[in-house]
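Below: structure_30.csv (CSV, C-alpha atoms)
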chain,number,residue,atom,x,y,z
E,1,MET,CA,-3.3,-32.0,1.5
E,2,THR,CA,-2.8,-33.3,5.1
E,3,LEU,CA,-2.2,-30.7,7.7
E,4,SER,CA,0.0,-31.9,10.5
E,5,ASP,CA,-0.2,-30.7,14.1
E,6,HIS,CA,2.9,-28.6,13.5
E,7,GLU,CA,1.4,-26.7,10.6
E,8,LEU,CA,-1.0,-23.8,10.0
E,9,ILE,CA,-2.9,-23.0,6.9
E,10,TYR,CA,-1.7,-19.8,5.2
E,11,LEU,CA,-4.3,-18.1,3.1
E,12,TYR,CA,-3.2,-16.1,0.0
E,13,CYS,CA,-6.3,-15.3,-1.9
E,14,VAL,CA,-9.8,-16.5,-2.7
E,15,THR,CA,-11.1,-17.0,-6.3
E,16,GLY,CA,-14.5,-17.8,-7.8
E,17,GLU,CA,-13.2,-20.6,-10.0
E,18,THR,CA,-10.8,-23.5,-9.7
E,19,PRO,CA,-7.3,-21.9,-9.9
E,20,ASP,CA,-4.6,-23.3,-12.1
E,21,LEU,CA,-1.7,-23.6,-9.8
E,22,ARG,CA,0.5,-25.8,-12.0
E,23,GLU,CA,2.9,-23.0,-12.9
E,24,ILE,CA,3.4,-21.7,-9.5
E,25,THR,CA,3.6,-24.8,-7.3
E,26,SER,CA,7.4,-24.7,-7.6
E,27,LEU,CA,7.5,-21.5,-5.5
E,28,VAL,CA,5.7,-23.1,-2.5
E,29,ASN,CA,3.6,-26.1,-1.9
E,30,LEU,CA,0.3,-24.5,-3.0
E,31,TYR,CA,-3.1,-26.1,-3.0
E,32,TRP,CA,-6.7,-25.0,-2.9
E,33,ILE,CA,-9.6,-25.6,-0.6
E,34,ALA,CA,-13.0,-25.4,-2.2
E,35,HIS,CA,-16.1,-24.2,-0.5
E,36,ARG,CA,-19.3,-24.0,-2.5
E,37,ASP,CA,-18.1,-22.2,-5.7
E,38,LEU,CA,-15.2,-20.4,-3.9
E,39,CYS,CA,-11.6,-21.6,-3.9
E,40,ALA,CA,-9.1,-20.5,-1.3
E,41,VAL,CA,-5.5,-20.6,-2.4
E,42,VAL,CA,-3.4,-21.8,0.5
E,43,SER,CA,-0.2,-23.5,1.6
E,44,ASN,CA,0.8,-25.2,4.9
E,45,VAL,CA,3.4,-23.4,6.9
E,46,PRO,CA,5.3,-24.5,10.0
E,47,GLU,CA,3.6,-23.5,13.2
E,48,LEU,CA,7.0,-22.8,14.7
E,49,GLU,CA,7.7,-20.2,12.1
E,50,PHE,CA,4.3,-18.5,12.1
E,51,ASN,CA,3.0,-18.7,15.7
E,52,GLU,CA,2.5,-15.4,17.5
E,53,LYS,CA,5.8,-15.4,19.2
E,54,ALA,CA,7.8,-16.4,16.2
E,55,LEU,CA,6.1,-13.9,14.0
E,56,HIS,CA,7.0,-11.1,16.4
E,57,GLN,CA,10.6,-12.0,16.1
E,58,ASN,CA,10.6,-13.0,12.4
E,59,VAL,CA,9.1,-9.7,11.1
E,60,ASN,CA,12.1,-7.9,12.6
E,61,ASP,CA,14.4,-10.0,10.4
E,62,LEU,CA,14.5,-8.1,7.2
E,63,GLU,CA,15.7,-11.0,5.1
E,64,TRP,CA,12.9,-13.3,6.4
E,65,LEU,CA,10.3,-10.6,6.0
E,66,LYS,CA,11.4,-9.8,2.5
E,67,LEU,CA,11.4,-13.4,1.4
E,68,LYS,CA,8.0,-14.1,2.9
E,69,VAL,CA,6.3,-10.9,1.8
E,70,MET,CA,7.6,-11.2,-1.8
E,71,LEU,CA,6.4,-14.9,-1.8
E,72,HIS,CA,3.0,-13.8,-0.6
E,73,GLU,CA,2.8,-11.1,-3.3
E,74,GLY,CA,4.3,-13.5,-6.0
E,75,VAL,CA,1.7,-16.2,-5.3
E,76,ILE,CA,-1.2,-13.8,-5.6
E,77,GLU,CA,0.1,-12.1,-8.7
E,78,SER,CA,0.5,-15.5,-10.3
E,79,VAL,CA,-3.0,-16.5,-9.6
E,80,MET,CA,-4.5,-13.2,-10.7
E,81,LYS,CA,-2.9,-13.5,-14.1
E,82,ARG,CA,-5.8,-15.9,-14.9
E,83,GLN,CA,-8.4,-15.3,-12.3
E,84,THR,CA,-10.1,-12.5,-10.3
E,85,VAL,CA,-8.8,-12.7,-6.8
E,86,VAL,CA,-9.7,-11.4,-3.4
E,87,PRO,CA,-6.2,-11.0,-1.9
E,88,PHE,CA,-5.6,-11.4,1.8
E,89,LYS,CA,-3.0,-9.6,3.9
E,90,PHE,CA,0.4,-11.0,4.9
E,91,ALA,CA,0.2,-13.9,7.3
E,92,THR,CA,-3.5,-14.6,7.3
E,93,LEU,CA,-3.5,-18.0,9.1
E,94,PHE,CA,-5.9,-20.7,10.1
E,95,ARG,CA,-5.4,-23.5,12.6
E,96,HIS,CA,-7.5,-26.0,10.7
E,97,GLN,CA,-9.3,-26.4,7.4
E,98,ASP,CA,-12.6,-26.2,9.2
E,99,ASN,CA,-11.8,-22.7,10.4
E,100,LEU,CA,-11.1,-21.6,6.9
E,101,THR,CA,-14.3,-23.1,5.4
E,102,THR,CA,-16.3,-21.5,8.2
E,103,CYS,CA,-14.7,-18.2,7.4
E,104,LEU,CA,-15.6,-18.7,3.7
E,105,GLU,CA,-19.1,-19.7,4.6
E,106,GLN,CA,-19.7,-16.7,6.9
E,107,ASN,CA,-18.3,-14.3,4.4
E,108,TYR,CA,-19.7,-16.1,1.3
E,109,GLU,CA,-22.0,-13.3,0.0
E,110,HIS,CA,-19.4,-10.6,0.7
E,111,LEU,CA,-16.7,-12.6,-1.1
E,112,LYS,CA,-19.0,-13.3,-4.1
E,113,THR,CA,-20.0,-9.6,-4.4
E,114,THR,CA,-16.3,-8.5,-4.1
E,115,LEU,CA,-15.2,-11.0,-6.8
E,116,LEU,CA,-18.0,-9.7,-9.0
E,117,ASN,CA,-17.1,-6.1,-8.4
E,118,LEU,CA,-13.4,-6.8,-9.1
E,119,LYS,CA,-13.9,-8.8,-12.3
E,120,GLY,CA,-12.0,-7.3,-15.2
E,121,ARG,CA,-10.6,-4.6,-13.0
E,122,GLU,CA,-7.1,-3.7,-11.7
E,123,GLU,CA,-5.6,-1.8,-8.8
E,124,TRP,CA,-2.9,0.8,-9.5
E,125,GLY,CA,-1.1,2.9,-7.1
E,126,VAL,CA,0.2,6.4,-7.3
E,127,LYS,CA,2.6,7.9,-4.8
E,128,VAL,CA,3.4,11.6,-5.1
E,129,TYR,CA,6.7,13.0,-3.7
E,130,CYS,CA,7.5,16.6,-3.2
E,131,ASP,CA,11.0,18.2,-3.3
E,132,ARG,CA,10.5,21.0,-0.7
E,133,ARG,CA,13.4,23.1,-2.0
E,134,LYS,CA,12.0,23.1,-5.5
E,135,LEU,CA,8.6,23.9,-4.2
E,136,HIS,CA,9.9,26.8,-2.1
E,137,ALA,CA,11.8,28.2,-5.0
E,138,SER,CA,8.6,27.9,-7.2
E,139,LEU,CA,6.7,30.2,-4.8
E,140,ALA,CA,8.9,33.3,-5.4
E,141,GLY,CA,7.3,35.8,-7.7
E,142,VAL,CA,4.1,33.8,-7.8
E,143,ASP,CA,2.8,33.7,-4.3
E,144,ASP,CA,1.1,37.1,-3.4
E,145,PRO,CA,2.1,37.3,0.3
E,146,LEU,CA,5.6,36.4,-0.6
E,147,ILE,CA,5.8,39.0,-3.5
E,148,GLN,CA,4.6,41.6,-1.0
E,149,LEU,CA,7.3,40.7,1.5
E,150,ASP,CA,10.0,40.5,-1.1
E,151,ARG,CA,9.2,44.1,-2.1
E,152,GLU,CA,9.5,45.2,1.5
E,153,ILE,CA,12.9,43.4,1.8
E,154,ALA,CA,14.2,45.1,-1.3
E,155,VAL,CA,13.7,48.6,0.1
E,156,ALA,CA,14.4,47.9,3.8
E,157,MET,CA,17.4,49.0,5.8
E,158,PRO,CA,19.9,46.2,6.5
E,159,GLY,CA,18.7,45.7,10.1
E,160,LYS,CA,15.1,45.5,9.2
E,161,ALA,CA,15.9,43.4,6.1
E,162,PHE,CA,17.5,40.8,8.4
E,163,PHE,CA,14.3,40.4,10.4
E,164,LEU,CA,12.1,40.5,7.3
E,165,LYS,CA,14.2,37.7,5.8
E,166,LYS,CA,13.6,35.6,8.9
E,167,GLN,CA,9.9,36.3,8.5
E,168,ARG,CA,10.2,35.3,4.9
E,169,GLU,CA,11.5,31.8,5.8
E,170,ASP,CA,8.4,31.2,8.0
E,171,LEU,CA,6.1,32.6,5.4
E,172,VAL,CA,7.6,30.3,2.7
E,173,ARG,CA,7.1,27.3,4.9
E,174,THR,CA,3.5,28.2,5.7
E,175,GLU,CA,2.7,28.9,2.1
E,176,ALA,CA,4.4,25.7,1.0
E,177,ASP,CA,2.4,23.7,3.5
E,178,ARG,CA,-0.8,25.2,2.1
E,179,LYS,CA,0.4,24.4,-1.5
E,180,VAL,CA,1.2,20.8,-0.6
E,181,ILE,CA,-2.4,20.2,0.5
E,182,GLU,CA,-3.8,22.1,-2.5
E,183,TYR,CA,-1.6,20.2,-4.9
E,184,SER,CA,-2.2,16.7,-3.4
E,185,GLN,CA,-5.9,17.3,-3.4
E,186,ASP,CA,-5.8,18.4,-7.1
E,187,CYS,CA,-3.7,15.3,-8.0
E,188,PHE,CA,-6.1,12.9,-6.2
E,189,GLU,CA,-9.2,14.5,-7.7
E,190,ARG,CA,-7.8,14.4,-11.3
E,191,LEU,CA,-6.5,10.8,-10.9
E,192,SER,CA,-9.9,9.8,-9.5
E,193,GLU,CA,-11.8,11.1,-12.5
E,194,GLY,CA,-10.6,8.3,-14.7
E,195,SER,CA,-11.0,5.6,-12.0
E,196,LEU,CA,-13.9,3.5,-10.9
E,197,LYS,CA,-12.9,3.8,-7.3
E,198,ALA,CA,-10.2,5.7,-5.4
E,199,HIS,CA,-8.7,5.0,-2.0
E,200,LEU,CA,-6.5,7.4,0.0
E,201,ASN,CA,-3.8,5.8,2.2
E,202,ALA,CA,-1.7,7.5,4.9
E,203,CYS,CA,1.6,8.9,3.5
E,204,LEU,CA,4.6,7.0,4.6
E,205,PRO,CA,7.1,8.9,6.6
E,206,GLY,CA,10.5,9.8,5.3
E,207,GLU,CA,12.2,7.2,7.6
E,208,VAL,CA,10.3,4.5,5.7
E,209,THR,CA,10.6,5.7,2.1
E,210,SER,CA,14.3,6.7,2.4
E,211,GLN,CA,13.6,9.3,-0.2
E,212,LYS,CA,14.8,12.8,0.2
E,213,GLU,CA,11.5,14.1,-1.0
E,214,GLU,CA,8.4,14.0,1.2
E,215,MET,CA,5.5,11.8,0.3
E,216,ILE,CA,2.4,14.0,-0.1
E,217,LEU,CA,0.0,11.5,-1.7
E,218,ASN,CA,-0.4,7.7,-1.3
E,219,ALA,CA,-3.4,6.7,-3.3
E,220,ALA,CA,-4.8,3.5,-4.9
E,221,PHE,CA,-7.2,3.4,-7.9
E,222,LEU,CA,-9.4,0.7,-9.3
E,223,ILE,CA,-9.6,0.9,-13.0
E,224,GLU,CA,-10.9,-1.2,-15.9
E,225,ALA,CA,-8.2,-3.8,-16.9
E,226,LEU,CA,-6.1,-2.7,-19.8
E,227,LYS,CA,-7.2,0.8,-19.5
E,228,HIS,CA,-4.3,1.8,-17.4
E,229,SER,CA,-3.2,4.1,-20.2
E,230,VAL,CA,-6.0,6.5,-19.1
E,231,LEU,CA,-4.5,6.7,-15.6
E,232,LYS,CA,-1.0,6.9,-16.9
E,233,GLY,CA,-2.2,9.8,-19.2
E,234,ALA,CA,-3.5,11.6,-16.2
E,235,VAL,CA,-0.2,11.0,-14.4
E,236,HIS,CA,1.7,12.4,-17.3
E,237,LYS,CA,-0.5,15.5,-17.5
E,238,LEU,CA,0.1,16.1,-13.7
E,239,GLU,CA,3.8,15.6,-14.2
E,240,ALA,CA,3.8,18.3,-16.8
E,241,ASP,CA,1.8,20.6,-14.6
E,242,TYR,CA,3.7,20.1,-11.4
E,243,GLU,CA,7.3,19.4,-12.5
E,244,ASP,CA,8.4,23.0,-11.8
E,245,LYS,CA,6.7,22.9,-8.4
E,246,GLY,CA,8.9,20.0,-7.3
E,247,LEU,CA,6.4,17.1,-7.5
E,248,ARG,CA,7.4,13.6,-8.7
E,249,PHE,CA,5.0,10.8,-9.5
E,250,ASP,CA,5.4,7.1,-9.0
E,251,CYS,CA,2.7,5.0,-10.7
E,252,THR,CA,2.7,1.2,-10.2
E,253,GLY,CA,0.5,-1.6,-11.1
E,254,PRO,CA,-1.4,-3.7,-11.7
E,255,TRP,CA,-1.5,-4.8,-8.0
E,256,PRO,CA,-3.7,-7.4,-6.3
E,257,PRO,CA,-6.8,-5.3,-5.3
E,258,TYR,CA,-5.7,-5.1,-1.6
E,259,ASN,CA,-7.3,-1.6,-1.2
E,260,PHE,CA,-10.6,-2.6,-2.7
E,261,CYS,CA,-11.5,-5.6,-0.7
E,262,GLN,CA,-12.9,-4.4,2.5
E,263,PHE,CA,-12.2,-7.8,3.9
E,264,SER,CA,-10.6,-6.7,7.1
E,265,LYS,CA,-9.3,-8.3,10.3
E,266,GLU,CA,-12.8,-8.0,11.8
E,267,SER,CA,-14.6,-9.9,9.1
E,268,VAL,CA,-12.1,-12.8,9.4
E,269,ILE,CA,-12.2,-12.9,13.1
E,270,HIS,CA,-15.9,-13.6,13.1
E,271,ALA,CA,-15.2,-17.0,11.6
V,1,MET,CA,-0.1,-7.1,-21.9
V,2,HIS,CA,-0.3,-8.0,-18.3
V,3,ASN,CA,3.4,-9.0,-18.3
V,4,GLN,CA,4.4,-5.8,-19.9
V,5,ALA,CA,2.7,-3.8,-17.3
V,6,MET,CA,4.3,-5.9,-14.6
V,7,GLN,CA,7.7,-5.3,-16.0
V,8,SER,CA,7.3,-1.6,-15.8
V,9,LYS,CA,6.4,-1.9,-12.2
V,10,ASP,CA,9.2,-1.2,-9.8
V,11,VAL,CA,8.4,-3.8,-7.2
V,12,THR,CA,10.2,-2.5,-4.2
V,13,LEU,CA,9.9,-4.2,-0.8
V,14,LEU,CA,8.3,-1.0,0.5
V,15,GLU,CA,5.6,-0.9,-2.2
V,16,VAL,CA,4.7,-4.5,-1.3
V,17,LEU,CA,4.9,-3.9,2.5
V,18,ASP,CA,2.7,-0.8,2.1
V,19,ARG,CA,0.0,-3.1,0.7
V,20,VAL,CA,0.3,-6.5,2.4
V,21,LEU,CA,0.8,-5.5,6.0
V,22,GLU,CA,-2.4,-4.7,7.7
V,23,LYS,CA,-1.5,-1.2,8.6
V,24,GLY,CA,2.0,0.1,8.2
V,25,VAL,CA,5.7,-0.2,8.5
V,26,VAL,CA,8.5,1.6,10.3
V,27,VAL,CA,12.1,1.8,9.4
V,28,ALA,CA,14.7,2.6,11.9
V,29,GLY,CA,18.0,3.8,10.4
V,30,ASP,CA,18.8,3.4,6.8
V,31,ALA,CA,18.6,-0.3,6.3
V,32,VAL,CA,16.8,-2.0,9.2
V,33,ILE,CA,13.1,-2.4,8.6
V,34,SER,CA,11.2,-3.3,11.7
V,35,VAL,CA,7.5,-3.8,11.5
V,36,ALA,CA,5.7,-2.4,14.4
V,37,ASP,CA,4.0,-4.8,16.8
V,38,VAL,CA,2.4,-7.7,14.9
V,39,ASP,CA,-0.9,-8.1,16.4
V,40,LEU,CA,-1.8,-11.7,16.4
V,41,ILE,CA,-5.3,-12.6,17.4
V,42,TYR,CA,-6.5,-16.1,18.3
V,43,VAL,CA,-10.3,-16.4,18.4
V,44,GLY,CA,-11.1,-19.5,20.4
V,45,LEU,CA,-7.9,-20.9,18.9
V,46,ARG,CA,-9.8,-21.3,15.7
V,47,VAL,CA,-8.6,-18.3,13.6
V,48,LEU,CA,-5.1,-16.9,13.8
V,49,LEU,CA,-4.6,-13.7,12.0
V,50,SER,CA,-1.7,-11.3,12.0
V,51,SER,CA,-1.6,-7.7,11.3
V,52,VAL,CA,0.7,-4.8,11.9
V,53,GLU,CA,0.0,-2.3,14.6
V,54,THR,CA,-1.1,1.0,13.3
V,55,MET,CA,1.6,3.6,12.8
V,56,GLU,CA,-0.8,6.5,12.9
V,57,ARG,CA,1.0,7.6,16.0
V,58,LEU,CA,4.2,8.0,14.0
V,59,TRP,CA,2.4,9.7,11.2
V,60,SER,CA,0.5,12.1,13.3
V,61,GLY,CA,3.2,12.6,15.8
V,62,GLY,CA,6.4,12.7,13.7
V,63,GLY,CA,5.0,14.0,10.5
Entire entry expressed as structure tokens:
Amino acid sequence: MTLSDHELIYLYCVTGETPDLREITSLVNLYWIAHRDLCAVVSNVPELEFNEKALHQNVNDLEWLKLKVMLHEGVIESVMKRQTVVPFKFATLFRHQDNLTTCLEQNYEHLKTTLLNLKGREEWGVKVYCDRRKLHASLAGVDDPLIQLDREIAVAMPGKAFFLKKQREDLVRTEADRKVIEYSQDCFERLSEGSLKAHLNACLPGEVTSQKEEMILNAAFLIEALKHSVLKGAVHKLEADYEDKGLRFDCTGPWPPYNFCQFSKESVIHA
Amino acid sequence: MHNQAMQSKDVTLLEVLDRVLEKGVVVAGDAVISVADVDLIYVGLRVLLSSVETMERLWSGGG
């Protein structure tokens, strides 16, 4: 496909075999660029829309961002139905085809190894949310320091009881913070047991998730394809164990293995 | 089998953004999503790559 001066090459993913793009070409004008036995799935995008300045503005336009990000994800998911893919991040762009093939050449061994490691495997994500009120309520009568304080409050004079109750609020928060760490570690460890690889991501803040619960775990797992029932089983077990403590589990997949391709900005830049 | 699994997946924009952006996202208010600085790097005008500025400051500072 000819690349005009007004276009950039947008890279979606790299595969180890010729991809079948017939079914997905309607979404966007996809094509592939071969280098040795690797194939890069790409499309040409307008330079005016994706240059640095435009991207800065465009990513702030929710409708634009949603459309482009979903398209990015959609293309990769379509390709990975048939092939093992190394997915790239949103807006990975190359000025010319030469730049892309240089990148493929310089990262050839790494890409081949990654493709081999990902063959027949899937990425799944588990996010765990915590309802603080439910967690706080679950501590009463179970948490030792709290039981002790509740006993004191029960026999205290009104004045003293008032201060003890204030003290109790602080104690509940401290104990709950401790529990959140303990519970999320337990969840991560138990979910990792049935996985080939596990990856811990930063929890998204409440302003982003727009959930009333707080995110306490944001993890990704690499598992054997079609064995997601093992991971789901572990999630169900955790749900049963932690429901009364205010934890909610969100398990999604299969995703393109974004978290298991250590093909970062740095490695692309070297091209 | 694959399709069945995909259907059970609640593909929210957030889930996708959480994965495809280089580092993270920010939302101001209830509906407006603004990605933090998109860090575009030209290397000898040969490679152009975008990523999103880390939001670790928000996570560590606001969390």
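The interatomic distance for the pair CA of Glu15 (chain V) and CA of Tyr242 (chain E) works out to 23.0 Å.
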**Prompt:** Within 7 Å of region 172-181 of chain E, counting all atoms listed in the file, which residues qualify if same-chain residues fewer than 2 places away don't, as an NGL selection string?
**Reply:** :E and (135-136 or 168-170 or 183-185 or 216)
**chain E contacts to chain V at 8 Å (all atoms listed in the file) as a PyMOL selection string** = chain E and resi 52+55-56+59-62+66+69-70+73+81+88-96+99-100+202-205+207-210+226+251-254+258-259+265+268-269+271
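Of note, CA of Leu38 (chain E) and CA of Asp20 (chain E) are spaced 13.7 Å apart.
One finds CA of Arg248 (chain E) at 6.3 Å from CA of Cys130 (chain E).
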**Message:** Set the distance at 12 Å and use all atoms listed in the file: which residues neighbour Glu17 (chain E) once local chain neighbours fewer than 3 positions away are removed? I'd like the list as JSON, numbers by chain.
**Reply:** {"E": [13, 14, 20, 21, 32, 33, 34, 35, 36, 37, 38, 39, 40, 41, 79, 80, 82, 83, 84, 85, 86, 112, 115, 116]}
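Proximity ranking of E:Gly16, E:Leu139, E:Asp150, E:Leu11 relative to Leu111 (chain E) places E:Gly16 first, based on all atoms listed in the file.
Considering the residues E:Val28, E:Thr102, E:Val45, E:Thr113 and counting only C-alpha atoms, Leu71 (chain E) has its shortest atom-to-atom contact with E:Val28.
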